[in-house]
Structure formats: structure tokens, C-alpha cells
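J.: The structure is given below, and queries will be raised subsequently.
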Amino acid sequence: MFRSQYYEAMKLLAAEKRLKYSISTASLGLKRIREVYKAEGVAIDLWETSYRIRAMYMCDGGDPSVLVNRNLPTEPRLFAMVHELKHHYCDQTALKNGQIRCGDYNANEVIEKAAEVFAAEFIYPAQEFLDCASSIGLEHAKVTPEDVVEFKRVCGAPVSYKFLQKRLEWYGFIERGEFAKIQF
Ligand SMILES: [Zn+2]
């Protein structure tokens with residue numbers, strides 16, 4: 001399968017799971033995700049670990065669990081937990097020693113990128129993002145940092161500034177890395 005097909009499949013899977021669990025963007029938070037984990041039979045353990053590791057998916061003898069870095073702030077923690085759900089749904093055959101450790105260092109692996117695609121679409125569907133961008137009159141190549149702050153306030157999605165920047169880059173509203181040095 002081509003990468004683009006794999007990523008599209010992840011977006012469809014995210015939409016399917018949102019529907020299954022009646023997820024709406026504005027009401028999505030850690031509480032709601034804990035309920036999804038419970039329904040999926042996946043245990044959650046908070047974990048004191050280095051910043052390099054965000055979370056880890058484990059499945060030993062059909063007993064799935066996720067370790068989450070307890071030092072992550074709410075939005076990155078939510079993202080990491082949804083990212084791990086993708087491993088639960090799709091990657092049980094790819095486990096090494098019964099686990100997948102997830103951090104920035106392995107973001108280039110295809111199964112990791114696909115988990116990022118899944119999480120982004122599950123938490124804030126691209127279409128909702130584009131609708132919000134158009135509703136506040138965002139124009140390509142004319143976006144200021146103040147617009148990003150306004151966007152975050154208006155959109156109501158449980159996402160970080162880093163998330164928004166990636167989306168804005170992806171859809172060509174800003175150049176790649178344009179706001180990388182700005183402290184929001
Ligand atoms: Zn991962």
C-alpha cells in the first residue's frame with residue numbers, strides 16, 4: 001500500500017471511531033478518552049519517564065495497556081493517548097517485545113506517522129479546521145501570530161499551538177517553520 005493510501009485509511013478509521021463513540025471536537029478531553037479506553041479494554045498507567053518518550057503501547061497475552069508520560073500537559077497527553085489507540089487498532093502484529101515506544105525519535109517510521117495522522121484527524125478533523133479557517137477569514141500567506149491565537153480561541157478544539165501550526169503548514173496557510181520561534 002502506498003503511504004498516501006495508508007494515511008487516507010487512517011483518516012477514515014478516525015472518522016469511524018469518532019462516530020462510534022459520538023465524539024465531538026468541543027467536548028473531547030482526557031475524560032472522554034479514558035471512557036474510550038475503558039470501552040476498548042485498554043488499561044492506562046501514568047508513567048514517570050523522560051520527555052523523549054511520550055507513551056508506550058503494550059499487549060501481553062491479549063491484555064492491552066498504555067503507559068503515558070505523566071509529565072505531558074493536557075493537550076499533548078490527549079494527543080499521545082489517541083496516537084496509542086491507533087497502535088491498538090492497527091499494529092498488534094508490529095509489536096517488538098510486546099510493546100511500541102513512542103517518542104519524537106521514532107516519528108519517521110511509517111506506523112508512527114500514520115498514528116500521528118490518525119490522532120490529528122480523531123481530535124480535530126481537517127474539514128472542521130478548514131471550516132473554522134474560512135469562518136474567521138484566514139488567507140493563505142497572510143496569517144499573523146495574532147491570527148493563530150485567535151484561531152485557537154475560536155476553534156474550541158483540544159489542541160496545542162504546535163498542532164495548529166502543523167495544520168496551518170500542511171494546508172499552506174503559513175510556510176513550514178514560519179512560526180517555529182514564536183512563543184505562543
Ligand atoms: Zn507510536
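By order of appearance in the C-alpha cells: chains A, B, ..., then residues from 1 within every chain, and ligands from 1 in the order shown.
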Show me which residues are within 9 Å of ligand 1 counting only C-alpha atoms and all ligand atoms, and format the list as a PyMOL selection string.
T.: chain A and resi 54-57+80+83-84+86-87+100-103+106-107+109+111-116
J.: Neighbours of stretch 36-40 of chain A within 10 Å (only C-alpha atoms; same-chain residues fewer than 4 positions away dropped), as number ranges by chain?
T.: A: 17, 20-21, 23, 30-32, 44, 64-66, 81-82, 85, 88-89
J.: Could you give me, as a list in words, each residue of stretch 142-180 of chain A that DSSP assigns to helix (DSSP H, G or I) when run on this structure's backbone?
T.: Pro145, Glu146, Asp147, Val148, Val149, Glu150, Phe151, Lys152, Arg153, Val154, Cys155, Tyr161, Lys162, Phe163, Leu164, Gln165, Lys166, Arg167, Leu168, Glu169 and Trp170 of chain A
J.: Write down as an MDAnalysis selection string the residues belonging to chain A that are assigned strand (DSSP E) by DSSP computed on the backbone.
T.: chainID A and resid 43:47 53:60 63:69 99:103
J.: What is the distance between atom CA of A:Ala126 and atom CA of A:Glu169, in Å to one decimal?
T.: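 Result for atom CA of A:Ala126 versus atom CA of A:Glu169: 12.6 Å, one decimal.
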J.: Near stretch 128-143 of chain A, counting only C-alpha atoms, which residues have an atom at most 7 Å away, once you skip same-chain residues fewer than 3 positions from it, shown as a count of residues only?
T.: 7
J.: Please report the interatomic distance between atom CA of A:Pro76 and atom CA of A:Asn97 in Å with one decimal.
T.: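 Taking atom CA of A:Pro76 and atom CA of A:Asn97, their separation equals 25.7 Å.
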J.: Ranking A:Met10, A:Leu46, A:Ile182, A:Val149 by minimum distance to A:Leu164 and counting only C-alpha atoms, which one comes first?
T.: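 That would be A:Val149, the residue with the smallest distance to A:Leu164.
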J.: Rounded to one decimal in Å, what is the spacing between atom CA of A:Tyr171 and atom CA of A:Arg77?
T.: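 Between these atoms lies a distance of 24.4 Å.
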J.: Name the closest residue to A:Asp60 among the candidates A:Thr74, A:Gln92, A:Thr144, A:Ser160; distances are taken between atoms, counting only C-alpha atoms.
T.: A:Gln92
J.: Return the single residue from A:Phe163, A:Phe79, A:Phe122, A:Phe2 that is closest to A:Ala15, with distances computed using only C-alpha atoms.
T.: A:Phe122
J.: Go through A:Cys59, A:Lys166, A:Glu121, A:Val148 one by one, measure the shortest atom-to-atom distance of each to A:Gln183 using only C-alpha atoms, and give the residue with the smallest value.
T.: A:Val148
J.: Pick from A:Phe118, A:Gln127, A:Lys181, A:Val68: nearest to A:Tyr7, with only C-alpha atoms counted?
T.: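 Closest to A:Tyr7, using only C-alpha atoms: A:Phe118.
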